[in-house]
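Novice: This is run17.pdb (PDB, C-alpha atoms).
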MODEL        1
ATOM      1  CA  MET A  28      -5.681  -0.856 -24.912
ATOM      2  CA  SER A  29      -4.994  -2.008 -21.344
ATOM      3  CA  TYR A  30      -4.692   0.528 -18.541
ATOM      4  CA  PHE A  31      -1.036  -0.480 -18.253
ATOM      5  CA  GLU A  32      -0.445   0.647 -21.855
ATOM      6  CA  LYS A  33      -2.106   3.974 -21.005
ATOM      7  CA  PHE A  34       0.171   4.284 -17.957
ATOM      8  CA  LEU A  35       3.256   3.659 -20.088
ATOM      9  CA  GLN A  36       2.136   6.465 -22.395
ATOM     10  CA  ALA A  37       1.452   8.875 -19.520
ATOM     11  CA  ASN A  38       4.762   7.912 -17.915
ATOM     12  CA  LYS A  39       6.700   9.272 -20.922
ATOM     13  CA  ALA A  40       5.635  12.820 -20.025
ATOM     14  CA  TYR A  41       6.498  12.203 -16.378
ATOM     15  CA  VAL A  42      10.034  11.092 -17.289
ATOM     16  CA  ASP A  43      10.631  14.484 -18.906
ATOM     17  CA  LEU A  44       9.403  16.290 -15.785
ATOM     18  CA  HIS A  45      11.366  13.988 -13.461
ATOM     19  CA  GLY A  46      14.793  14.361 -15.062
ATOM     20  CA  THR A  47      17.694  12.319 -13.705
ATOM     21  CA  LYS A  48      18.314  12.571  -9.973
ATOM     22  CA  SER A  49      19.647  10.265  -7.340
ATOM     23  CA  LEU A  50      17.623  10.491  -4.146
ATOM     24  CA  PRO A  51      18.687   8.310  -1.185
ATOM     25  CA  LEU A  52      17.002   4.975  -0.424
ATOM     26  CA  LYS A  53      16.148   6.115   3.112
ATOM     27  CA  PRO A  54      13.220   8.556   3.222
ATOM     28  CA  LYS A  55      14.019  12.149   4.211
ATOM     29  CA  MET A  56      11.186  12.208   6.772
ATOM     30  CA  LYS A  57      11.477   9.293   9.197
ATOM     31  CA  VAL A  58       7.812   8.348   8.831
ATOM     32  CA  ALA A  59       5.633   5.659   7.244
ATOM     33  CA  ILE A  60       1.997   6.327   6.355
ATOM     34  CA  VAL A  61      -0.436   3.383   6.562
ATOM     35  CA  THR A  62      -3.539   4.023   4.515
ATOM     36  CA  CYS A  63      -6.185   2.666   2.152
ATOM     37  CA  MET A  64      -5.957   1.906  -1.585
ATOM     38  CA  ASP A  65      -8.906   4.249  -2.261
ATOM     39  CA  SER A  66      -8.677   6.085  -5.585
ATOM     40  CA  ARG A  67      -9.881   9.357  -4.090
ATOM     41  CA  LEU A  68      -6.850   9.704  -1.826
ATOM     42  CA  HIS A  69      -3.621  10.920  -3.407
ATOM     43  CA  VAL A  70      -1.360  10.657  -0.390
ATOM     44  CA  ALA A  71       1.584  12.786  -1.536
ATOM     45  CA  GLN A  72      -0.632  15.712  -2.505
ATOM     46  CA  ALA A  73      -2.939  15.510   0.524
ATOM     47  CA  LEU A  74      -0.026  15.445   2.988
ATOM     48  CA  GLY A  75       2.333  17.742   1.113
ATOM     49  CA  LEU A  76       5.012  15.120   0.448
ATOM     50  CA  ALA A  77       7.891  15.770  -1.956
ATOM     51  CA  LEU A  78       9.573  12.928  -3.826
ATOM     52  CA  GLY A  79      11.820  11.068  -1.395
ATOM     53  CA  ASP A  80       9.999  12.196   1.759
ATOM     54  CA  ALA A  81       8.124   9.233   3.270
ATOM     55  CA  HIS A  82       7.119   5.586   2.998
ATOM     56  CA  ILE A  83       3.525   5.024   1.886
ATOM     57  CA  LEU A  84       1.816   1.710   2.694
ATOM     58  CA  ARG A  85      -1.643   0.952   1.345
ATOM     59  CA  ASN A  86      -4.045  -1.983   1.475
ATOM     60  CA  THR A  87      -7.814  -2.392   1.527
ATOM     61  CA  GLY A  88      -8.962  -0.262   4.444
ATOM     62  CA  GLY A  89      -5.476   0.773   5.547
ATOM     63  CA  ARG A  90      -5.632  -2.082   8.050
ATOM     64  CA  VAL A  91      -2.692  -3.195  10.188
ATOM     65  CA  THR A  92      -2.227  -6.809   9.109
ATOM     66  CA  ASP A  93       0.764  -9.134   9.508
ATOM     67  CA  ASP A  94       1.926  -7.918   6.096
ATOM     68  CA  MET A  95       1.673  -4.311   7.243
ATOM     69  CA  ILE A  96       3.810  -5.152  10.298
ATOM     70  CA  ARG A  97       6.314  -6.843   7.939
ATOM     71  CA  SER A  98       6.476  -3.628   5.917
ATOM     72  CA  LEU A  99       6.786  -1.381   8.974
ATOM     73  CA  VAL A 100       9.612  -3.512  10.390
ATOM     74  CA  VAL A 101      11.614  -3.217   7.145
ATOM     75  CA  SER A 102      10.797   0.519   6.985
ATOM     76  CA  GLN A 103      12.016   1.059  10.539
ATOM     77  CA  GLN A 104      14.918  -1.381  10.873
ATOM     78  CA  GLN A 105      16.400  -1.076   7.382
ATOM     79  CA  MET A 106      15.433   2.457   6.448
ATOM     80  CA  GLY A 107      15.269   4.340   9.714
ATOM     81  CA  THR A 108      11.622   5.486  10.042
ATOM     82  CA  ARG A 109      10.523   6.213  13.608
ATOM     83  CA  GLU A 110       6.935   7.376  13.235
ATOM     84  CA  VAL A 111       3.754   5.777  11.854
ATOM     85  CA  VAL A 112       0.576   7.539  10.740
ATOM     86  CA  VAL A 113      -2.564   5.369  10.420
ATOM     87  CA  LEU A 114      -4.892   7.155   8.015
ATOM     88  CA  HIS A 115      -8.332   5.733   7.210
ATOM     89  CA  HIS A 116     -11.039   7.595   5.289
ATOM     90  CA  THR A 117     -14.748   8.312   4.993
ATOM     91  CA  ASP A 118     -16.949   6.274   2.600
ATOM     92  CA  CYS A 119     -14.547   3.305   2.599
ATOM     93  CA  GLY A 120     -15.103   0.157   0.534
ATOM     94  CA  SER A 121     -14.370  -1.808   3.715
ATOM     95  CA  GLN A 122     -17.665  -0.464   5.090
ATOM     96  CA  THR A 123     -19.687  -1.935   2.185
ATOM     97  CA  PHE A 124     -19.773  -5.595   3.227
ATOM     98  CA  LYS A 125     -19.920  -8.042   6.124
ATOM     99  CA  ASN A 126     -17.189 -10.685   6.218
ATOM    100  CA  GLU A 127     -19.369 -13.785   6.507
ATOM    101  CA  GLU A 128     -21.635 -12.787   3.625
ATOM    102  CA  PHE A 129     -18.653 -11.761   1.510
ATOM    103  CA  CYS A 130     -16.968 -15.154   2.038
ATOM    104  CA  TYR A 131     -20.238 -16.892   1.144
ATOM    105  CA  THR A 132     -20.497 -14.856  -2.081
ATOM    106  CA  LEU A 133     -16.888 -15.704  -2.973
ATOM    107  CA  ARG A 134     -17.441 -19.432  -2.375
ATOM    108  CA  GLU A 135     -20.442 -19.331  -4.691
ATOM    109  CA  ARG A 136     -18.755 -17.161  -7.313
ATOM    110  CA  PHE A 137     -15.545 -19.199  -7.493
ATOM    111  CA  GLY A 138     -17.088 -22.617  -6.802
ATOM    112  CA  LEU A 139     -15.019 -23.181  -3.643
ATOM    113  CA  ASP A 140     -15.922 -25.758  -0.997
ATOM    114  CA  GLU A 141     -14.282 -23.793   1.748
ATOM    115  CA  LEU A 142     -13.168 -20.241   2.352
ATOM    116  CA  GLU A 143     -12.421 -18.746   5.721
ATOM    117  CA  MET A 144     -10.655 -15.465   5.366
ATOM    118  CA  ASP A 145     -10.969 -12.188   7.221
ATOM    119  CA  PHE A 146     -11.330  -9.346   4.719
ATOM    120  CA  LEU A 147     -11.264  -6.892   7.642
ATOM    121  CA  PRO A 148     -14.394  -4.820   6.996
ATOM    122  CA  PHE A 149     -15.351  -2.213   9.594
ATOM    123  CA  THR A 150     -18.271   0.036  10.451
ATOM    124  CA  ASP A 151     -16.890   2.921  12.544
ATOM    125  CA  VAL A 152     -13.892   4.572  10.861
ATOM    126  CA  GLU A 153     -12.523   6.228  14.008
ATOM    127  CA  GLU A 154     -12.754   2.896  15.805
ATOM    128  CA  SER A 155     -10.874   1.136  13.006
ATOM    129  CA  VAL A 156      -8.073   3.728  13.213
ATOM    130  CA  ARG A 157      -7.772   3.228  16.987
ATOM    131  CA  GLU A 158      -7.842  -0.548  16.619
ATOM    132  CA  ASP A 159      -5.009  -0.430  14.079
ATOM    133  CA  MET A 160      -2.941   2.016  16.165
ATOM    134  CA  GLN A 161      -3.290  -0.448  19.059
ATOM    135  CA  LYS A 162      -2.152  -3.330  16.838
ATOM    136  CA  ILE A 163       1.063  -1.474  16.028
ATOM    137  CA  ILE A 164       1.651  -0.669  19.699
ATOM    138  CA  ALA A 165       1.051  -4.322  20.631
ATOM    139  CA  SER A 166       3.533  -5.744  18.107
ATOM    140  CA  PRO A 167       6.741  -7.117  19.658
ATOM    141  CA  LEU A 168       8.595  -5.964  16.524
ATOM    142  CA  ILE A 169       7.794  -2.248  16.880
ATOM    143  CA  PRO A 170      10.054  -0.269  19.268
ATOM    144  CA  ASP A 171       8.277   1.432  22.190
ATOM    145  CA  ASP A 172       9.575   4.872  21.247
ATOM    146  CA  VAL A 173       7.992   4.897  17.767
ATOM    147  CA  ILE A 174       5.469   7.756  17.527
ATOM    148  CA  ILE A 175       2.041   6.524  16.376
ATOM    149  CA  SER A 176      -0.672   8.924  15.191
ATOM    150  CA  GLY A 177      -4.054   8.384  13.598
ATOM    151  CA  GLY A 178      -6.414  10.285  11.364
ATOM    152  CA  VAL A 179      -9.417  10.178   9.051
ATOM    153  CA  TYR A 180      -9.298  11.627   5.525
ATOM    154  CA  ASP A 181     -12.572  13.048   4.215
ATOM    155  CA  VAL A 182     -12.852  12.018   0.548
ATOM    156  CA  ASP A 183     -15.305  14.846  -0.208
ATOM    157  CA  THR A 184     -13.231  17.707   1.200
ATOM    158  CA  GLY A 185      -9.676  16.328   1.282
ATOM    159  CA  ARG A 186      -9.440  17.244   4.973
ATOM    160  CA  ILE A 187      -7.595  15.090   7.528
ATOM    161  CA  THR A 188      -8.896  15.045  11.111
ATOM    162  CA  GLU A 189      -6.821  13.596  13.942
ATOM    163  CA  VAL A 190      -8.036  10.517  15.830
ATOM    164  CA  LYS A 191      -6.645  10.144  19.325
ATOM    165  CA  LEU A 192      -6.354   6.846  21.176
TER     166      LEU A 192
ATOM    167  CA  MET B   4       6.686  18.637  16.162
ATOM    168  CA  SER B   5       5.738  15.182  14.865
ATOM    169  CA  TYR B   6       5.529  14.532  11.141
ATOM    170  CA  PHE B   7       1.802  14.018  11.584
ATOM    171  CA  GLU B   8       1.465  17.591  12.888
ATOM    172  CA  LYS B   9       3.388  18.799   9.818
ATOM    173  CA  PHE B  10       1.023  16.790   7.594
ATOM    174  CA  LEU B  11      -2.023  18.365   9.269
ATOM    175  CA  GLN B  12      -0.537  21.805   8.521
ATOM    176  CA  ALA B  13       0.232  20.918   4.878
ATOM    177  CA  ASN B  14      -3.229  19.378   4.509
ATOM    178  CA  LYS B  15      -4.890  22.755   5.213
ATOM    179  CA  ALA B  16      -3.546  24.117   1.913
ATOM    180  CA  TYR B  17      -4.624  20.925   0.105
ATOM    181  CA  VAL B  18      -8.206  21.287   1.385
ATOM    182  CA  ASP B  19      -8.424  24.705  -0.316
ATOM    183  CA  LEU B  20      -7.175  23.216  -3.592
ATOM    184  CA  HIS B  21      -9.453  20.157  -3.299
ATOM    185  CA  GLY B  22     -12.749  21.954  -2.768
ATOM    186  CA  THR B  23     -15.883  19.908  -2.100
ATOM    187  CA  LYS B  24     -16.660  17.175  -4.607
ATOM    188  CA  SER B  25     -18.301  13.806  -4.462
ATOM    189  CA  LEU B  26     -16.403  11.230  -6.516
ATOM    190  CA  PRO B  27     -17.780   7.673  -6.666
ATOM    191  CA  LEU B  28     -16.444   4.899  -4.433
ATOM    192  CA  LYS B  29     -15.657   2.728  -7.441
ATOM    193  CA  PRO B  30     -12.531   3.853  -9.321
ATOM    194  CA  LYS B  31     -13.031   5.333 -12.783
ATOM    195  CA  MET B  32     -10.338   3.085 -14.266
ATOM    196  CA  LYS B  33     -10.984  -0.570 -13.489
ATOM    197  CA  VAL B  34      -7.417  -1.194 -12.343
ATOM    198  CA  ALA B  35      -5.414  -1.772  -9.146
ATOM    199  CA  ILE B  36      -1.692  -0.990  -8.975
ATOM    200  CA  VAL B  37       0.440  -3.165  -6.670
ATOM    201  CA  THR B  38       3.677  -1.442  -5.781
ATOM    202  CA  CYS B  39       6.304  -0.637  -3.142
ATOM    203  CA  MET B  40       6.182   1.860  -0.260
ATOM    204  CA  ASP B  41       9.346   3.564  -1.571
ATOM    205  CA  SER B  42       9.436   7.327  -0.987
ATOM    206  CA  ARG B  43      10.867   8.014  -4.458
ATOM    207  CA  LEU B  44       7.772   6.719  -6.243
ATOM    208  CA  HIS B  45       4.746   8.997  -6.373
ATOM    209  CA  VAL B  46       2.338   6.654  -8.113
ATOM    210  CA  ALA B  47      -0.350   9.115  -9.217
ATOM    211  CA  GLN B  48       2.169  11.460 -10.843
ATOM    212  CA  ALA B  49       4.313   8.729 -12.441
ATOM    213  CA  LEU B  50       1.292   7.018 -14.027
ATOM    214  CA  GLY B  51      -0.748  10.115 -14.792
ATOM    215  CA  LEU B  52      -3.630   9.292 -12.434
ATOM    216  CA  ALA B  53      -6.321  11.829 -11.592
ATOM    217  CA  LEU B  54      -8.184  11.743  -8.293
ATOM    218  CA  GLY B  55     -10.690   8.878  -8.404
ATOM    219  CA  ASP B  56      -8.925   6.922 -11.156
ATOM    220  CA  ALA B  57      -7.395   3.758  -9.659
ATOM    221  CA  HIS B  58      -6.700   1.670  -6.563
ATOM    222  CA  ILE B  59      -3.134   1.884  -5.278
ATOM    223  CA  LEU B  60      -1.770  -0.919  -3.081
ATOM    224  CA  ARG B  61       1.663  -0.632  -1.493
ATOM    225  CA  ASN B  62       3.781  -2.729   0.846
ATOM    226  CA  THR B  63       7.492  -3.355   1.295
ATOM    227  CA  GLY B  64       8.700  -4.457  -2.122
ATOM    228  CA  GLY B  65       5.272  -4.399  -3.774
ATOM    229  CA  ARG B  66       5.051  -8.112  -3.031
ATOM    230  CA  VAL B  67       1.932 -10.230  -3.610
ATOM    231  CA  THR B  68       1.192 -11.526  -0.110
ATOM    232  CA  ASP B  69      -2.010 -12.974   1.355
ATOM    233  CA  ASP B  70      -2.907  -9.453   2.438
ATOM    234  CA  MET B  71      -2.374  -8.183  -1.109
ATOM    235  CA  ILE B  72      -4.718 -10.914  -2.403
ATOM    236  CA  ARG B  73      -7.256  -9.845   0.264
ATOM    237  CA  SER B  74      -7.033  -6.286  -1.046
ATOM    238  CA  LEU B  75      -7.273  -7.306  -4.698
ATOM    239  CA  VAL B  76     -10.347  -9.465  -4.021
ATOM    240  CA  VAL B  77     -12.153  -6.544  -2.357
ATOM    241  CA  SER B  78     -11.001  -4.225  -5.158
ATOM    242  CA  GLN B  79     -12.332  -6.602  -7.822
ATOM    243  CA  GLN B  80     -15.444  -8.068  -6.223
ATOM    244  CA  GLN B  81     -16.747  -5.005  -4.385
ATOM    245  CA  MET B  82     -15.426  -2.203  -6.571
ATOM    246  CA  GLY B  83     -15.228  -3.639 -10.050
ATOM    247  CA  THR B  84     -11.518  -3.552 -10.990
ATOM    248  CA  ARG B  85     -10.518  -6.012 -13.716
ATOM    249  CA  GLU B  86      -6.816  -5.341 -14.243
ATOM    250  CA  VAL B  87      -3.741  -5.505 -11.989
ATOM    251  CA  VAL B  88      -0.367  -3.843 -12.556
ATOM    252  CA  VAL B  89       2.572  -5.192 -10.506
ATOM    253  CA  LEU B  90       5.162  -2.420 -10.343
ATOM    254  CA  HIS B  91       8.498  -2.958  -8.564
ATOM    255  CA  HIS B  92      11.439  -0.545  -8.750
ATOM    256  CA  THR B  93      15.207  -0.217  -8.959
ATOM    257  CA  ASP B  94      17.319   0.229  -5.792
ATOM    258  CA  CYS B  95      14.656  -1.368  -3.557
ATOM    259  CA  GLY B  96      15.011  -1.688   0.219
ATOM    260  CA  SER B  97      13.970  -5.334  -0.210
ATOM    261  CA  GLN B  98      17.316  -5.882  -1.964
ATOM    262  CA  THR B  99      19.308  -4.682   1.068
ATOM    263  CA  PHE B 100      19.019  -7.735   3.331
ATOM    264  CA  LYS B 101      18.821 -11.516   3.501
ATOM    265  CA  ASN B 102      15.862 -12.956   5.388
ATOM    266  CA  GLU B 103      17.736 -15.249   7.764
ATOM    267  CA  GLU B 104      20.208 -12.574   8.851
ATOM    268  CA  PHE B 105      17.423 -10.015   9.199
ATOM    269  CA  CYS B 106      15.410 -12.349  11.474
ATOM    270  CA  TYR B 107      18.555 -12.979  13.536
ATOM    271  CA  THR B 108      19.139  -9.223  13.924
ATOM    272  CA  LEU B 109      15.508  -8.711  14.971
ATOM    273  CA  ARG B 110      15.701 -11.498  17.554
ATOM    274  CA  GLU B 111      18.800  -9.883  19.054
ATOM    275  CA  ARG B 112      17.414  -6.352  18.878
ATOM    276  CA  PHE B 113      14.038  -7.155  20.438
ATOM    277  CA  GLY B 114      15.237  -9.935  22.795
ATOM    278  CA  LEU B 115      13.003 -12.571  21.202
ATOM    279  CA  ASP B 116      13.556 -16.309  21.652
ATOM    280  CA  GLU B 117      11.976 -17.133  18.335
ATOM    281  CA  LEU B 118      11.167 -15.348  15.123
ATOM    282  CA  GLU B 119      10.410 -17.018  11.850
ATOM    283  CA  MET B 120       8.968 -14.605   9.391
ATOM    284  CA  ASP B 121       9.492 -14.086   5.684
ATOM    285  CA  PHE B 122      10.218 -10.425   4.993
ATOM    286  CA  LEU B 123      10.241 -11.235   1.252
ATOM    287  CA  PRO B 124      13.569  -9.762   0.151
ATOM    288  CA  PHE B 125      14.653 -10.303  -3.451
ATOM    289  CA  THR B 126      17.727  -9.874  -5.613
ATOM    290  CA  ASP B 127      16.516  -9.635  -9.239
ATOM    291  CA  VAL B 128      13.764  -7.042  -9.646
ATOM    292  CA  GLU B 129      12.412  -8.402 -12.938
ATOM    293  CA  GLU B 130      12.264 -11.862 -11.398
ATOM    294  CA  SER B 131      10.338 -10.538  -8.378
ATOM    295  CA  VAL B 132       7.793  -8.894 -10.694
ATOM    296  CA  ARG B 133       7.269 -12.140 -12.610
ATOM    297  CA  GLU B 134       7.016 -14.166  -9.404
ATOM    298  CA  ASP B 135       4.328 -11.825  -8.074
ATOM    299  CA  MET B 136       2.392 -11.794 -11.364
ATOM    300  CA  GLN B 137       2.373 -15.607 -11.172
ATOM    301  CA  LYS B 138       1.087 -15.511  -7.588
ATOM    302  CA  ILE B 139      -1.907 -13.453  -8.704
ATOM    303  CA  ILE B 140      -2.587 -15.816 -11.619
ATOM    304  CA  ALA B 141      -2.361 -18.820  -9.273
ATOM    305  CA  SER B 142      -4.841 -17.463  -6.722
ATOM    306  CA  PRO B 143      -8.236 -19.219  -6.730
ATOM    307  CA  LEU B 144      -9.828 -15.890  -5.804
ATOM    308  CA  ILE B 145      -8.722 -13.988  -8.915
ATOM    309  CA  PRO B 146     -10.897 -14.463 -12.039
ATOM    310  CA  ASP B 147      -9.094 -15.888 -15.086
ATOM    311  CA  ASP B 148     -10.024 -12.922 -17.271
ATOM    312  CA  VAL B 149      -8.303 -10.321 -15.105
ATOM    313  CA  ILE B 150      -5.513  -8.625 -17.099
ATOM    314  CA  ILE B 151      -2.165  -8.779 -15.270
ATOM    315  CA  SER B 152       0.792  -6.625 -16.317
ATOM    316  CA  GLY B 153       4.192  -5.994 -14.760
ATOM    317  CA  GLY B 154       6.819  -3.295 -14.795
ATOM    318  CA  VAL B 155       9.893  -1.805 -13.153
ATOM    319  CA  TYR B 156      10.062   1.860 -12.145
ATOM    320  CA  ASP B 157      13.506   3.459 -12.319
ATOM    321  CA  VAL B 158      13.859   5.704  -9.248
ATOM    322  CA  ASP B 159      16.590   7.804 -10.907
ATOM    323  CA  THR B 160      14.711   8.618 -14.125
ATOM    324  CA  GLY B 161      11.046   8.042 -13.244
ATOM    325  CA  ARG B 162      10.732   5.696 -16.223
ATOM    326  CA  ILE B 163       8.582   2.539 -16.198
ATOM    327  CA  THR B 164       9.725  -0.435 -18.276
ATOM    328  CA  GLU B 165       7.415  -3.354 -18.963
ATOM    329  CA  VAL B 166       8.256  -6.829 -17.641
ATOM    330  CA  LYS B 167       6.670  -9.693 -19.549
ATOM    331  CA  LEU B 168       5.989 -13.127 -18.105
TER     332      LEU B 168
ENDMDL
END
Turn this file's structure into structure tokens for me.
Specialist:
Amino acid sequence: MSYFEKFLQANKAYVDLHGTKSLPLKPKMKVAIVTCMDSRLHVAQALGLALGDAHILRNTGGRVTDDMIRSLVVSQQQMGTREVVVLHHTDCGSQTFKNEEFCYTLRERFGLDELEMDFLPFTDVEESVREDMQKIIASPLIPDDVIISGGVYDVDTGRITEVKL
Amino acid sequence: MSYFEKFLQANKAYVDLHGTKSLPLKPKMKVAIVTCMDSRLHVAQALGLALGDAHILRNTGGRVTDDMIRSLVVSQQQMGTREVVVLHHTDCGSQTFKNEEFCYTLRERFGLDELEMDFLPFTDVEESVREDMQKIIASPLIPDDVIISGGVYDVDTGRITEVKL
């Protein structure tokens, strides 16, 4: 059985809990959270979000890439969010490799002649949060009055600590 | 008070619930879920995920971009996932605009001379799921034996329906 089949099974119980309701497309809280895909972070629970509250954006590392800016622009311009929280975490997979070595391994593994890609690893998690907050501030597509905050989630305790620029 | 300050307050209660535990970096289920930022989808609840179970990747629309491939490669090669679920949803913000008009609006709003960016809107949600499943299959950085499934989440009922290629 694939995991997807398991999810479809589990989803049946959720449908009963959910019931039928029509929440608006625009989130109730005007905020988007940028964070990592890590399995040990359940964003809604850790931040106390109810269904319909906030946009949640997640990639490897919670890094602010061009795609993240694309998402934030749609979130802000089409759906009215006005605040961004950059939330990285302790013991991140993005701290387990160096980019050059990782690209070399991928070239070998997939038999590729060339591969130049930045997988955006980092060493210092507070530094990576600050770097990504700065990237949002520097984007010409993010209004100056958007509030930008940063934090680190501790995967062992569930605690979020603020990171200031 | 910013939303981030509210989240820090709410997080205090979560820390008590969480307790101290050391879950492994690699997810228990070898699967990554690619989905949308939408506030009406709480992925862990809707799919029955426990803390530590699965990688969750989210951008506007749940689209398979270069950044999504970057994330999937790290998820698979560094953390052992071997299945991907592409999950889009009904009433998506990515169905509320056309790319050309959106770029025009942004140029006007931010006083930019040029802006050519694909914000990846779509009209048919099943078609967008299939398109993104195909993008994963076509990537030279995704092993052929990775299982790829697709689905649509109904934001009114919480129900997931499978989309086949």
Novice: Determine, for each residue of chain B having at least one atom at most 6 Å from an atom of chain A, the closest pair of atoms and their separation in Å to one decimal, counting only C-alpha atoms; order by chain and ascending number, as a tab-separated table.
Specialist:
residue	atom	partner	partner_atom	distance
B:Phe10	CA	A:Leu74	CA	4.9
B:Ala13	CA	A:Gly75	CA	5.4
B:Asn14	CA	A:Leu74	CA	5.3
B:Tyr17	CA	A:Ala73	CA	5.7
B:Val18	CA	A:Gly185	CA	5.2
B:His21	CA	A:Gly185	CA	6.0
B:Gly22	CA	A:Thr184	CA	5.8
B:Thr23	CA	A:Thr184	CA	4.8
B:Lys24	CA	A:Asp183	CA	5.2
B:Ser25	CA	A:Asp183	CA	5.3
B:Pro30	CA	A:Ser66	CA	5.8
B:Met40	CA	A:Ile83	CA	4.7
B:Asp41	CA	A:His82	CA	5.5
B:Ser42	CA	A:Gly79	CA	4.5
B:Arg43	CA	A:Gly79	CA	4.4
B:Ala49	CA	A:Asn38	CA	5.6
B:Leu50	CA	A:Phe34	CA	4.9
B:Gly51	CA	A:Ala37	CA	5.4
B:Leu54	CA	A:Arg67	CA	5.1
B:Gly55	CA	A:Arg67	CA	4.4
B:Asp56	CA	A:Ser66	CA	5.6
B:Ala57	CA	A:Ser66	CA	4.9
B:His58	CA	A:Ser66	CA	4.9
B:Ile59	CA	A:Met64	CA	4.6
B:Leu60	CA	A:Arg85	CA	4.8
B:Arg61	CA	A:Arg85	CA	4.6
B:Asn62	CA	A:Leu84	CA	5.2
B:Thr63	CA	A:Ser98	CA	4.7
B:Ser74	CA	A:Thr87	CA	4.7
B:Asp159	CA	A:Lys48	CA	5.2
B:Thr160	CA	A:Thr47	CA	4.8
B:Gly161	CA	A:Val42	CA	5.2
B:Arg162	CA	A:Val42	CA	5.5
Novice: Report the distance between CA of Val152 (chain A) and CA of Asn126 (chain A) in Å, rounded to one decimal place.
Specialist: 16.3 Å
Novice: Could you please determine the separation between CA of Phe125 (chain B) and CA of Lys162 (chain A) in Å, to one decimal place?
Specialist: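 The value is 27.3 Å.
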Novice: Quick one: distance from CA of Leu168 (chain B) to CA of Asp148 (chain B) in Å, one decimal?
Specialist: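 Rounded to one decimal, the two atoms are 16.0 Å apart.
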